[in-house]
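> Pasting in a structure now, in structure tokens, and then I'll have a few things to ask.
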Amino acid sequence: MLERATRDAYGEALLELGSCDPRVVVLDADLSRSTYTDRFGKRFPERFFNVGIAEQNLIGVAAGLSMTGLIPFATTYAIFIGRAFDQIRQSVCFAGTNVKIVATHAGLAASHDGGSHQGVLDIALMRSLPGMTVISPVDYHAARHAVFAAVEHSGPVYIRLQKEPVPILTSPNETFQIGPARRLSEGRDVAIFATGSMVHPAIIAAESLLNQGIESSLVEICTLKPIDITTIREVCSSCGCFVTAEEHSRYGGLYDAILHALAGEVRCPGTPVALNDCFGDTGSWQELRIHFGLSNIDIERAALRALALRDFPLSSSHL
């Protein structure tokens, strides 16, 4: 299966946008070779700004540029988004500026740099901000479309990208919309919601479950905010239990988003596949995903636990 990193799509999409939209400017915080914004900088040096290792300034400058009618893409690693949280809150979301924030190396991808450099809390931070749109593309093509969609969207956008190559699961011409979830399979037994790099392991898990006679409704969540509440409620009402899969903490990410979508409307036990209230560690990306329980086998086991919760509703172990 062909694999490409979503950060690669970002670098190429910026070049296309730079050629067709003079409003697009790009900012980076001294990581342009790793985030692939250096490509834009070489082609359009007058529209590229490296602010240095100063993420707060990165966001402040981006907000100021947006007030002149430009469309700034402010770029750094997912781990460093937290450094500029106050500026994102005040100068981007509170002010309603048209800033697009793109974070690469999301999740455990900065694997050999250890837990200090692994962005496993960024979705929680960005989801908490009023007016912020949060996108986690599944693959190269989806990431490219997300960048173009961000330009068309009026208001703050956060796009979460992966450093490592991930399988290509969509076609280049597939339509992309901010908001709607994508149903990958229909089943009656368990709903599986996955986002970003966890979609492919979820597909493998769903296939294994089917071999055991268990049908899954597999749903890819590309937009974590605003999330597709209608689809989530429909699928959970049909299946009666769910699993979430995300390369992020179980707190504040996809799992919480699903719970909030169901609250007060649909009673449906769920089991998260995510980091369990911990920081990352050092190793290869694949080693860390296995170590922290983010494999297709972990999703399969979580589905079996969710089914047990559905069949024995007095259990509270999913809380």
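The chains in the structure tokens are called A, B, ... from first to last as shown; in each chain the residues are counted from 1, and the ligands are counted from 1 in the order shown.
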Can you list, as a list in words, every protein, DNA or RNA residue that comes within 10 Å of Ala245 (chain A) when you count only C-alpha atoms, leaving out same-chain residues fewer than 6 positions away?
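Counting only the stated atoms, we get Ile192, Phe193, Ala194, Thr195, Gly196, Ser197, Met198, Val199, Pro201, Ala202, Glu220, Ile221, Gly253, Leu254, Tyr255, Thr271, Pro272, Val273, Ala274, Leu275, Leu294, Ser295, Asn296, Asp298, Ile299 and Ala302 of chain A.
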> So that I can check the surroundings of Ser19 (chain A), please list as a list in words every protein, DNA and RNA residue that reaches within 10 Å of it, counting only C-alpha atoms and ignoring chain neighbours fewer than 6 positions away.
Phe40, Arg43 and Phe44 of chain A
> Output as a Markdown table one row per residue of region 125-218 of chain A within 8 Å of region 4-13 of chain A: the closest atom pair and its distance in Å to one decimal place, counting only C-alpha atoms, sorted by chain and residue number ascending.

```
| residue | atom | partner | partner_atom | distance |
| --- | --- | --- | --- | --- |
| A:Pro137 | CA | A:Thr6 | CA | 7.7 |
| A:Asp139 | CA | A:Thr6 | CA | 5.8 |
| A:Tyr140 | CA | A:Thr6 | CA | 4.6 |
| A:His141 | CA | A:Ala9 | CA | 7.0 |
| A:Ala143 | CA | A:Thr6 | CA | 5.7 |
| A:Arg144 | CA | A:Ala9 | CA | 5.1 |
| A:Val147 | CA | A:Ala13 | CA | 6.7 |
| A:Phe148 | CA | A:Ala13 | CA | 7.4 |
| A:Leu161 | CA | A:Thr6 | CA | 5.6 |
| A:Gln162 | CA | A:Thr6 | CA | 5.4 |
| A:Lys163 | CA | A:Ala5 | CA | 5.9 |
| A:Glu164 | CA | A:Ala5 | CA | 5.3 |
| A:Pro165 | CA | A:Ala5 | CA | 3.9 |
| A:Val166 | CA | A:Arg4 | CA | 5.5 |
| A:Pro167 | CA | A:Arg4 | CA | 6.6 |
| A:Ile168 | CA | A:Arg4 | CA | 6.9 |
```
> If I take CA of Leu129 (chain A) and CA of Pro156 (chain A), how far is one from the other in Å, to one decimal?
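Taking CA of Leu129 (chain A) and CA of Pro156 (chain A), their separation equals 9.9 Å.
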> Write out as a list in words which residues come within 7 Å of Thr97 (chain A) when counting only C-alpha atoms, dropping same-chain ones fewer than 5 positions away.
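With the cut-off at 7 Å, the set is Ala63, Ser66, Met67, Val92, Gly155 and Pro156 of chain A.
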> Print the selection's residues with C-alpha atoms to a file, as a PDB file, in the first residue's frame.

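Here's the written file out_3.pdb:
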```
ATOM      1  CA  ALA A  63      -2.914  37.552  13.544  1.00  0.00           C
ATOM      2  CA  SER A  66      -4.577  38.519   8.762  1.00  0.00           C
ATOM      3  CA  MET A  67      -5.964  41.916   9.756  1.00  0.00           C
ATOM      4  CA  VAL A  92      -6.849  34.467  16.925  1.00  0.00           C
ATOM      5  CA  GLY A 155     -12.020  32.053  10.633  1.00  0.00           C
ATOM      6  CA  PRO A 156      -9.452  30.163  12.718  1.00  0.00           C
TER       7      PRO A 156
END
```
> Check the smallest atom-to-atom distance from each of A:Gln118, A:Ser136, A:Ser91, A:Ser249 to Arg160 (chain A) using only C-alpha atoms, then report the winner.
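Nearest candidate to Arg160 (chain A) out of A:Gln118, A:Ser136, A:Ser91, A:Ser249: A:Ser136.
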> Please identify which residues in region 96-218 of chain A DSSP calls alpha helix (DSSP H) from the backbone, and express them as a PyMOL selection string.
chain A and resi 122-127+140-152+199-211
> Find the residues of region 20-50 of chain A that sit at most 10 Å from region 69-83 of chain A; for each, write down the nearest two atoms and how far apart they are in Å, to one decimal. Count only C-alpha atoms. Sort by chain, then by number going up, and give it as a tab-separated table.

```
residue	atom	partner	partner_atom	distance
A:Asp21	CA	A:Ile71	CA	9.3
A:Pro22	CA	A:Leu70	CA	8.2
A:Arg23	CA	A:Leu70	CA	4.5
A:Val24	CA	A:Ile71	CA	4.8
A:Val25	CA	A:Pro72	CA	4.8
A:Val26	CA	A:Phe73	CA	4.8
A:Leu27	CA	A:Ala74	CA	4.8
A:Asp28	CA	A:Thr75	CA	4.9
A:Ala29	CA	A:Thr76	CA	6.0
A:Asp30	CA	A:Thr76	CA	8.2
A:Leu31	CA	A:Thr76	CA	6.6
A:Ser32	CA	A:Thr76	CA	8.1
A:Ser34	CA	A:Tyr77	CA	8.9
A:Thr35	CA	A:Thr76	CA	6.9
A:Tyr36	CA	A:Thr75	CA	9.6
A:Thr37	CA	A:Thr75	CA	7.9
A:Arg47	CA	A:Pro72	CA	9.4
A:Phe48	CA	A:Pro72	CA	9.6
A:Phe49	CA	A:Ala74	CA	9.4
A:Asn50	CA	A:Thr75	CA	9.7
```
> Can you list, as a ChimeraX atom specification, every protein, DNA or RNA residue that comes within 10 Å of Ile178 (chain A) when you count only C-alpha atoms, leaving out same-chain residues fewer than 3 positions away?
/A:133-135,145-146,149-150,153,181,222-228
